[in-house]
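Structure data (PDB, C-alpha atoms) from model09.pdb:
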ATOM      1  CA  MET A  16     -94.539 -95.230-128.601
ATOM      2  CA  HIS A  17     -92.739 -97.024-131.427
ATOM      3  CA  VAL A  18     -90.995-100.042-129.882
ATOM      4  CA  PHE A  19     -88.341-102.072-131.682
ATOM      5  CA  VAL A  20     -88.263-105.669-130.375
ATOM      6  CA  ALA A  21     -85.102-107.706-130.868
ATOM      7  CA  GLY A  22     -85.911-111.330-130.108
ATOM      8  CA  ALA A  23     -89.572-110.968-131.067
ATOM      9  CA  THR A  24     -89.965-114.679-131.863
ATOM     10  CA  GLY A  25     -88.400-116.043-128.674
ATOM     11  CA  ALA A  26     -90.286-117.458-125.703
ATOM     12  CA  VAL A  27     -90.744-114.002-124.145
ATOM     13  CA  GLY A  28     -90.982-112.114-127.441
ATOM     14  CA  ARG A  29     -93.979-114.140-128.608
ATOM     15  CA  GLN A  30     -95.878-113.037-125.513
ATOM     16  CA  LEU A  31     -94.474-109.505-125.592
ATOM     17  CA  VAL A  32     -95.506-108.354-129.074
ATOM     18  CA  PRO A  33     -99.278-108.796-128.507
ATOM     19  CA  LEU A  34     -99.036-107.068-125.120
ATOM     20  CA  LEU A  35     -97.293-104.047-126.640
ATOM     21  CA  LEU A  36     -99.876-103.811-129.399
ATOM     22  CA  ALA A  37    -102.708-104.097-126.875
ATOM     23  CA  GLU A  38    -101.184-101.159-124.962
ATOM     24  CA  GLY A  39    -101.371 -99.065-128.127
ATOM     25  CA  HIS A  40     -97.688 -99.151-129.025
ATOM     26  CA  ARG A  41     -96.451 -99.405-132.588
ATOM     27  CA  VAL A  42     -94.141-102.427-132.865
ATOM     28  CA  THR A  43     -91.363-103.455-135.228
ATOM     29  CA  GLY A  44     -89.787-106.847-134.593
ATOM     30  CA  ILE A  45     -86.759-108.556-136.114
ATOM     31  CA  SER A  46     -86.049-112.189-136.827
ATOM     32  CA  ARG A  47     -83.188-113.993-138.531
ATOM     33  CA  SER A  48     -85.587-116.122-140.588
ATOM     34  CA  SER A  49     -88.349-115.450-143.071
ATOM     35  CA  ALA A  50     -90.624-117.750-141.048
ATOM     36  CA  GLY A  51     -89.978-115.617-137.985
ATOM     37  CA  VAL A  52     -90.771-112.441-139.909
ATOM     38  CA  GLU A  53     -94.067-113.936-141.036
ATOM     39  CA  ARG A  54     -94.900-114.959-137.472
ATOM     40  CA  ILE A  55     -94.371-111.399-136.216
ATOM     41  CA  ARG A  56     -96.529-109.995-139.007
ATOM     42  CA  ARG A  57     -99.332-112.425-138.185
ATOM     43  CA  GLN A  58     -99.396-110.900-134.700
ATOM     44  CA  GLY A  59    -100.073-107.500-136.239
ATOM     45  CA  ALA A  60     -96.617-105.922-135.962
ATOM     46  CA  ALA A  61     -94.157-104.744-138.602
ATOM     47  CA  ALA A  62     -91.235-107.113-139.123
ATOM     48  CA  VAL A  63     -87.758-107.067-140.643
ATOM     49  CA  GLN A  64     -85.395-109.939-141.355
ATOM     50  CA  ALA A  65     -82.029-109.151-139.769
ATOM     51  CA  ASP A  66     -79.177-110.751-137.840
ATOM     52  CA  VAL A  67     -77.723-108.851-134.870
ATOM     53  CA  PHE A  68     -74.258-110.073-135.810
ATOM     54  CA  ASP A  69     -74.571-108.217-139.132
ATOM     55  CA  ARG A  70     -73.583-104.806-137.788
ATOM     56  CA  GLU A  71     -74.061-102.778-140.972
ATOM     57  CA  ALA A  72     -77.474-104.276-141.669
ATOM     58  CA  LEU A  73     -78.585-103.587-138.098
ATOM     59  CA  TYR A  74     -77.584 -99.931-138.441
ATOM     60  CA  ARG A  75     -79.713 -99.675-141.593
ATOM     61  CA  VAL A  76     -82.687-101.393-139.961
ATOM     62  CA  LEU A  77     -82.670 -99.144-136.873
ATOM     63  CA  ALA A  78     -82.136 -96.007-138.946
ATOM     64  CA  THR A  79     -85.115 -96.892-141.144
ATOM     65  CA  ALA A  80     -87.386 -97.928-138.267
ATOM     66  CA  ALA A  81     -86.435 -94.890-136.108
ATOM     67  CA  PRO A  82     -88.081 -96.300-132.964
ATOM     68  CA  ASP A  83     -88.560 -94.499-129.659
ATOM     69  CA  ALA A  84     -87.411 -97.499-127.625
ATOM     70  CA  VAL A  85     -85.704-100.868-128.034
ATOM     71  CA  ILE A  86     -86.581-104.021-126.102
ATOM     72  CA  HIS A  87     -83.744-106.563-126.151
ATOM     73  CA  GLN A  88     -85.017-110.126-125.660
ATOM     74  CA  LEU A  89     -82.303-111.867-127.668
ATOM     75  CA  THR A  90     -81.110-115.326-126.592
ATOM     76  CA  ASP A  91     -79.406-118.235-128.331
ATOM     77  CA  LEU A  92     -80.489-121.247-126.306
ATOM     78  CA  SER A  93     -81.874-123.701-128.856
ATOM     79  CA  ASP A  94     -78.722-125.837-128.778
ATOM     80  CA  ALA A  95     -77.989-125.282-125.071
ATOM     81  CA  ASP A  96     -74.691-123.709-126.093
ATOM     82  CA  GLY A  97     -73.563-121.449-123.277
ATOM     83  CA  GLU A  98     -70.801-119.785-125.268
ATOM     84  CA  ALA A  99     -73.212-118.938-128.106
ATOM     85  CA  THR A 100     -75.419-117.143-125.605
ATOM     86  CA  ASN A 101     -72.408-115.396-124.054
ATOM     87  CA  ARG A 102     -71.347-114.182-127.501
ATOM     88  CA  LEU A 103     -74.840-112.906-128.190
ATOM     89  CA  ARG A 104     -74.822-110.996-124.901
ATOM     90  CA  ARG A 105     -71.457-109.447-125.709
ATOM     91  CA  GLU A 106     -71.358-108.897-129.476
ATOM     92  CA  GLY A 107     -75.052-108.941-130.329
ATOM     93  CA  THR A 108     -75.860-106.462-127.583
ATOM     94  CA  GLY A 109     -72.949-104.297-128.675
ATOM     95  CA  ASN A 110     -74.232-104.097-132.229
ATOM     96  CA  LEU A 111     -77.823-103.493-131.140
ATOM     97  CA  VAL A 112     -76.941-100.714-128.702
ATOM     98  CA  ASP A 113     -74.549 -98.980-131.116
ATOM     99  CA  ALA A 114     -77.180 -99.060-133.859
ATOM    100  CA  ALA A 115     -79.855 -97.817-131.458
ATOM    101  CA  VAL A 116     -77.712 -94.901-130.246
ATOM    102  CA  SER A 117     -76.873 -94.020-133.861
ATOM    103  CA  ALA A 118     -80.621 -93.913-134.572
ATOM    104  CA  ASP A 119     -81.164 -91.546-131.601
ATOM    105  CA  VAL A 120     -82.996 -94.127-129.492
ATOM    106  CA  THR A 121     -83.089 -92.901-125.889
ATOM    107  CA  ARG A 122     -84.605 -95.902-124.078
ATOM    108  CA  ILE A 123     -83.734 -99.597-123.931
ATOM    109  CA  VAL A 124     -85.126-102.483-121.892
ATOM    110  CA  ALA A 125     -82.740-105.456-121.894
ATOM    111  CA  GLN A 126     -83.244-109.031-120.712
ATOM    112  CA  SER A 127     -80.637-110.076-118.151
ATOM    113  CA  ILE A 128     -80.692-112.868-115.540
ATOM    114  CA  ALA A 129     -81.180-113.129-111.778
ATOM    115  CA  TRP A 130     -78.665-115.916-111.061
ATOM    116  CA  ALA A 131     -75.420-114.102-111.843
ATOM    117  CA  TYR A 132     -75.000-112.744-108.306
ATOM    118  CA  ALA A 133     -72.050-113.439-106.030
ATOM    119  CA  PRO A 134     -72.498-116.142-103.363
ATOM    120  CA  GLY A 135     -74.131-115.182-100.072
ATOM    121  CA  GLU A 136     -76.974-115.908 -97.728
ATOM    122  CA  GLY A 137     -80.547-114.985 -98.538
ATOM    123  CA  PRO A 138     -82.094-113.668-101.751
ATOM    124  CA  ALA A 139     -79.941-111.254-103.756
ATOM    125  CA  TYR A 140     -80.939-107.637-104.265
ATOM    126  CA  GLU A 141     -80.055-105.395-107.180
ATOM    127  CA  GLY A 142     -77.149-103.928-105.203
ATOM    128  CA  THR A 143     -75.591-107.340-104.628
ATOM    129  CA  PRO A 144     -72.383-107.643-106.712
ATOM    130  CA  LEU A 145     -72.280-109.937-109.722
ATOM    131  CA  ASP A 146     -70.174-113.087-109.391
ATOM    132  CA  VAL A 147     -67.315-111.615-111.427
ATOM    133  CA  GLY A 148     -64.246-113.855-111.368
ATOM    134  CA  ALA A 149     -66.204-117.096-110.958
ATOM    135  CA  ALA A 150     -64.604-120.221-112.398
ATOM    136  CA  ALA A 151     -65.582-121.402-115.882
ATOM    137  CA  PRO A 152     -68.120-122.075-117.235
ATOM    138  CA  ARG A 153     -70.019-119.817-114.837
ATOM    139  CA  GLY A 154     -67.411-117.092-115.206
ATOM    140  CA  GLY A 155     -68.113-116.773-118.935
ATOM    141  CA  MET A 156     -71.837-116.479-118.301
ATOM    142  CA  VAL A 157     -71.386-113.787-115.638
ATOM    143  CA  GLU A 158     -68.991-111.869-117.878
ATOM    144  CA  GLY A 159     -71.570-111.991-120.687
ATOM    145  CA  VAL A 160     -74.214-110.588-118.336
ATOM    146  CA  ARG A 161     -71.851-107.853-117.123
ATOM    147  CA  ALA A 162     -71.028-106.886-120.709
ATOM    148  CA  LEU A 163     -74.713-106.827-121.703
ATOM    149  CA  GLU A 164     -75.754-104.651-118.789
ATOM    150  CA  GLU A 165     -72.851-102.208-119.129
ATOM    151  CA  LYS A 166     -73.389-101.845-122.879
ATOM    152  CA  ALA A 167     -77.123-101.290-122.475
ATOM    153  CA  ALA A 168     -76.326 -98.514-119.986
ATOM    154  CA  GLU A 169     -74.839 -96.471-122.853
ATOM    155  CA  VAL A 170     -78.415 -95.645-123.876
ATOM    156  CA  GLU A 171     -79.818 -92.594-122.085
ATOM    157  CA  THR A 172     -82.402 -94.623-120.151
ATOM    158  CA  ALA A 173     -81.540 -98.301-119.749
ATOM    159  CA  VAL A 174     -83.476-100.842-117.678
ATOM    160  CA  GLN A 175     -81.835-104.248-117.230
ATOM    161  CA  LEU A 176     -84.429-106.867-116.292
ATOM    162  CA  ARG A 177     -82.783-109.657-114.300
ATOM    163  CA  ASP A 178     -85.280-112.409-115.041
ATOM    164  CA  GLY A 179     -85.599-115.580-113.005
ATOM    165  CA  ILE A 180     -85.443-119.032-114.579
ATOM    166  CA  LEU A 181     -88.043-118.868-117.323
ATOM    167  CA  TYR A 182     -90.755-121.500-117.589
ATOM    168  CA  GLY A 183     -93.889-121.720-119.672
ATOM    169  CA  PRO A 184     -94.445-122.104-123.426
ATOM    170  CA  GLY A 185     -91.281-122.315-125.489
ATOM    171  CA  THR A 186     -88.930-122.926-122.543
ATOM    172  CA  TRP A 187     -86.877-125.913-121.397
ATOM    173  CA  TYR A 188     -89.260-126.318-118.434
ATOM    174  CA  ALA A 189     -92.444-126.633-120.509
ATOM    175  CA  PRO A 190     -94.235-129.952-121.065
ATOM    176  CA  GLY A 191     -92.275-131.915-123.648
ATOM    177  CA  GLY A 192     -89.220-129.732-123.084
ATOM    178  CA  ALA A 193     -85.626-130.621-122.360
ATOM    179  CA  VAL A 194     -86.009-130.737-118.574
ATOM    180  CA  ALA A 195     -88.931-133.160-118.809
ATOM    181  CA  ALA A 196     -86.823-135.344-121.109
ATOM    182  CA  ALA A 197     -83.880-135.243-118.701
ATOM    183  CA  LEU A 198     -86.045-136.165-115.719
ATOM    184  CA  ALA A 199     -87.502-139.030-117.748
ATOM    185  CA  GLY A 200     -83.973-140.363-118.282
ATOM    186  CA  ASP A 201     -83.278-139.229-121.848
ATOM    187  CA  PRO A 202     -79.465-138.959-122.084
ATOM    188  CA  SER A 203     -79.707-136.740-125.178
ATOM    189  CA  ALA A 204     -81.676-133.994-123.381
ATOM    190  CA  ARG A 205     -79.766-130.711-123.595
ATOM    191  CA  PHE A 206     -80.300-127.629-121.450
ATOM    192  CA  LEU A 207     -78.229-125.336-119.261
ATOM    193  CA  GLY A 208     -79.267-126.234-115.742
ATOM    194  CA  SER A 209     -79.431-129.030-113.210
ATOM    195  CA  THR A 210     -81.783-131.844-112.231
ATOM    196  CA  SER A 211     -80.070-132.388-108.882
ATOM    197  CA  ALA A 212     -82.628-132.127-106.071
ATOM    198  CA  ASP A 213     -80.218-130.451-103.679
ATOM    199  CA  LEU A 214     -80.297-127.375-101.423
ATOM    200  CA  SER A 215     -79.485-124.857-104.163
ATOM    201  CA  VAL A 216     -81.987-121.971-104.172
ATOM    202  CA  MET A 217     -83.356-120.506-107.403
ATOM    203  CA  SER A 218     -86.025-118.003-108.420
ATOM    204  CA  PHE A 219     -88.477-118.684-111.244
ATOM    205  CA  LEU A 220     -90.525-116.558-113.649
ATOM    206  CA  HIS A 221     -93.298-117.422-116.080
ATOM    207  CA  VAL A 222     -92.659-116.082-119.585
ATOM    208  CA  ALA A 223     -95.963-114.180-119.523
ATOM    209  CA  ASP A 224     -94.818-112.346-116.394
ATOM    210  CA  ALA A 225     -91.458-111.596-118.041
ATOM    211  CA  ALA A 226     -93.296-110.065-121.003
ATOM    212  CA  ARG A 227     -95.512-107.931-118.756
ATOM    213  CA  ALA A 228     -92.440-106.659-116.925
ATOM    214  CA  ALA A 229     -90.809-105.634-120.214
ATOM    215  CA  VAL A 230     -93.873-103.572-121.138
ATOM    216  CA  ALA A 231     -93.973-101.943-117.699
ATOM    217  CA  ALA A 232     -90.229-101.198-117.808
ATOM    218  CA  LEU A 233     -90.758 -98.822-120.731
ATOM    219  CA  GLY A 234     -91.786 -96.348-118.054
ATOM    220  CA  TRP A 235     -89.156 -97.173-115.418
ATOM    221  CA  PRO A 236     -85.933 -95.303-114.575
ATOM    222  CA  SER A 237     -82.515 -96.711-115.455
ATOM    223  CA  GLY A 238     -80.909 -99.587-113.613
ATOM    224  CA  PRO A 239     -81.185-103.326-112.960
ATOM    225  CA  VAL A 240     -84.424-104.807-111.601
ATOM    226  CA  ASN A 241     -84.976-108.393-110.457
ATOM    227  CA  ILE A 242     -88.016-109.888-112.197
ATOM    228  CA  VAL A 243     -88.798-113.072-110.292
ATOM    229  CA  ASP A 244     -91.740-114.676-108.533
ATOM    230  CA  ASP A 245     -92.378-114.373-104.791
ATOM    231  CA  GLU A 246     -90.925-117.698-103.686
ATOM    232  CA  PRO A 247     -87.226-118.542-104.083
ATOM    233  CA  ALA A 248     -86.953-122.278-103.464
ATOM    234  CA  GLN A 249     -84.523-125.122-102.960
ATOM    235  CA  ALA A 250     -84.194-127.606-105.799
ATOM    236  CA  ARG A 251     -85.343-130.397-103.487
ATOM    237  CA  GLU A 252     -88.694-128.529-103.311
ATOM    238  CA  TRP A 253     -89.288-127.278-106.831
ATOM    239  CA  LEU A 254     -87.875-130.216-108.812
ATOM    240  CA  PRO A 255     -90.312-132.815-107.418
ATOM    241  CA  ALA A 256     -93.200-130.365-107.972
ATOM    242  CA  LEU A 257     -92.102-129.805-111.561
ATOM    243  CA  ALA A 258     -91.741-133.556-112.139
ATOM    244  CA  ARG A 259     -95.275-134.168-110.852
ATOM    245  CA  ALA A 260     -96.663-131.438-113.096
ATOM    246  CA  LEU A 261     -94.836-132.894-116.105
ATOM    247  CA  GLY A 262     -95.782-136.482-115.294
ATOM    248  CA  VAL A 263     -92.197-137.730-115.112
ATOM    249  CA  PRO A 264     -90.207-139.386-112.297
ATOM    250  CA  ALA A 265     -89.100-137.112-109.478
ATOM    251  CA  PRO A 266     -85.414-137.122-108.516
ATOM    252  CA  GLN A 267     -84.405-138.173-105.021
ATOM    253  CA  PRO A 268     -83.248-135.420-102.635
ATOM    254  CA  VAL A 269     -79.486-135.104-102.278
ATOM    255  CA  PRO A 270     -77.247-133.035 -99.969
ATOM    256  CA  GLY A 271     -75.111-130.063-100.941
ATOM    257  CA  ARG A 272     -75.731-126.837-102.815
ATOM    258  CA  LEU A 273     -74.177-124.465-105.306
ATOM    259  CA  ASP A 274     -72.870-121.589-103.196
ATOM    260  CA  TRP A 275     -74.069-118.923-105.668
ATOM    261  CA  ALA A 276     -77.607-120.353-105.951
ATOM    262  CA  ARG A 277     -79.420-118.032-103.528
ATOM    263  CA  GLY A 278     -82.505-116.762-105.360
ATOM    264  CA  ALA A 279     -83.441-113.100-105.750
ATOM    265  CA  SER A 280     -85.828-110.546-104.255
ATOM    266  CA  ASN A 281     -88.517-108.854-106.371
ATOM    267  CA  GLY A 282     -89.067-106.012-103.901
ATOM    268  CA  LEU A 283     -87.920-103.275-106.282
ATOM    269  CA  ALA A 284     -90.155-104.450-109.136
ATOM    270  CA  ARG A 285     -93.104-104.666-106.756
ATOM    271  CA  SER A 286     -92.431-101.132-105.529
ATOM    272  CA  ARG A 287     -92.864-100.007-109.149
ATOM    273  CA  GLY A 288     -96.233-101.716-109.497
ATOM    274  CA  TRP A 289     -95.253-104.984-111.168
ATOM    275  CA  ARG A 290     -96.769-108.163-109.730
ATOM    276  CA  PRO A 291     -96.149-111.710-110.996
ATOM    277  CA  GLY A 292     -99.325-113.287-112.349
ATOM    278  CA  HIS A 293     -97.901-116.583-111.100
ATOM    279  CA  ALA A 294     -96.735-115.565-107.634
ATOM    280  CA  SER A 295     -95.179-118.991-107.086
ATOM    281  CA  TRP A 296     -93.723-121.730-109.231
ATOM    282  CA  ARG A 297     -96.073-124.056-107.312
ATOM    283  CA  SER A 298     -99.153-122.804-109.138
ATOM    284  CA  GLY A 299     -97.214-121.858-112.241
ATOM    285  CA  PHE A 300     -95.849-125.334-112.916
ATOM    286  CA  ALA A 301     -99.342-126.812-112.603
ATOM    287  CA  ALA A 302    -100.784-124.134-114.885
ATOM    288  CA  GLN A 303     -98.412-125.228-117.678
ATOM    289  CA  MET A 304    -100.473-128.403-118.055
ATOM    290  CA  ALA A 305    -103.813-126.573-118.366
TER     291      ALA A 305
END
Exercise: express the given structure as structure tokens:
Amino acid sequence: MHVFVAGATGAVGRQLVPLLLAEGHRVTGISRSSAGVERIRRQGAAAVQADVFDREALYRVLATAAPDAVIHQLTDLSDADGEATNRLRREGTGNLVDAAVSADVTRIVAQSIAWAYAPGEGPAYEGTPLDVGAAAPRGGMVEGVRALEEKAAEVETAVQLRDGILYGPGTWYAPGGAVAAALAGDPSARFLGSTSADLSVMSFLHVADAARAAVAALGWPSGPVNIVDDEPAQAREWLPALARALGVPAPQPVPGRLDWARGASNGLARSRGWRPGHASWRSGFAAQMA
């Protein structure tokens, strides 16, 4: 299969391209920069320099590549700018999907998130409603996710992977990353998240497991699928474990919780044969230091 990877140089994309090639797929990746194009080529894939906000150029690129499938791993998180990411989910996805449909692509796998669900008790399932109507800034994030997933569904077969909080190489939660800096007391650390050791429950996912899920999803039927590890956890559990793994001070436990922070179930993904290589953030956080 010829797979077109948008976001091939991101934290997941870097892991994804070699996996696709190892499975025998032909891969074309895009990057906004010449350095990114060279990085993709060094991995053994074809590469094109393109910006998803340049609609006409994207149409030309997809028409020329003529792939069988598109994998959407685009994010804009380097400056921890939530609105930039929301715009990418809305406009960037719109351009990518329209160009893909114009090029007769019939399958797309798109990266979504597993913490956009409405408040409730227990881990969320794929049928749980999104938290539409939430107050800003969360409302803008949820709307971006809704727009991404609905636009992706315009492709004949569309799988929306609702990934947990990503950790591992190239993420905010990696050694030397923004979360480590924040826990160490650096006031300039920037990331979209919290270092409050409260009762909020979240689900995590190693980037390597996210990449493996994207490869597997090329053979899945349409619809959203939670891609998370096996252990949703309260911040007062996972934050101290992360701090120990990173060698920085652990925050003190505090009361309270975000009502929407409930974690997610990976039962559907498991029923399709996917298993997280890091079944728990407990082992995964420690493995980051290896």
I'd like the interatomic distance between CA of Gly282 in chain A and CA of Gln175 in chain A, to a tenth of an Å.
15.3 Å
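Among the candidates A:Asp245, A:Asp146, A:Glu169, A:Glu53, the one nearest to Ser280 in chain A when counting only C-alpha atoms is A:Asp245.
Counting all atoms listed in the file, the residue from A:Gly179, A:Pro239, A:Gly208, A:Pro82 that sits nearest to Asp96 in chain A is A:Gly208.
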Which polymer residues have any atom within 12 Å of an atom of range 255-263 of chain A, counting all atoms listed in the file, with same-chain residues fewer than 4 positions away left out, as a VMD selection string?
chain A and resid 182 to 183 187 to 201 210 to 213 219 248 to 251 267 to 268 295 to 305
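Between Gly288 in chain A and the residues A:Leu273, A:Ala228, A:Ala162, A:Leu233, the shortest atom-to-atom distance, using only C-alpha atoms, involves A:Ala228.
Put simply, CA of Ile123 in chain A is 27.2 Å away from CA of Gly148 in chain A.
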Between CA of Val18 in chain A and CA of Leu35 in chain A - distance in Å to one decimal
8.1 Å
Can you pull out the residues contacting Glu164 in chain A? Cut-off 8 Å, using all atoms listed in the file, and skip same-chain residues under 2 positions away; I want them as an MDAnalysis selection string.
chainID A and resid 125 127 160:162 166:168 175
Evaluate the PyMOL selection byres ((chain A and resi 61-69) around 9) and record the selected residues as number ranges by chain, following the chain and residue labels used in the document.
A: 21, 41-49, 51-56, 58-60, 70-74, 76, 103, 106-108, 110-111
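For Asp91 in chain A, the non-local neighbours within 10 Å, defined as residues at least 6 positions apart in the same chain or in other chains and counting all atoms listed in the file, are Gly22, Gly25, Gly97, Glu98, Ala99, Thr100, Asn101, Arg102, Leu103 and Arg104 of chain A.
Proximity ranking of A:Gly278, A:Pro291, A:Pro184, A:Pro270 relative to Glu141 in chain A places A:Gly278 first, based on all atoms listed in the file.
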Write out as a list in words each polymer residue whose atoms come within 10 Å of Gly39 in chain A, counting only C-alpha atoms; drop sequence neighbours fewer than 4 positions from it.
Met16, His17, Pro33, Leu34 and Leu35 of chain A
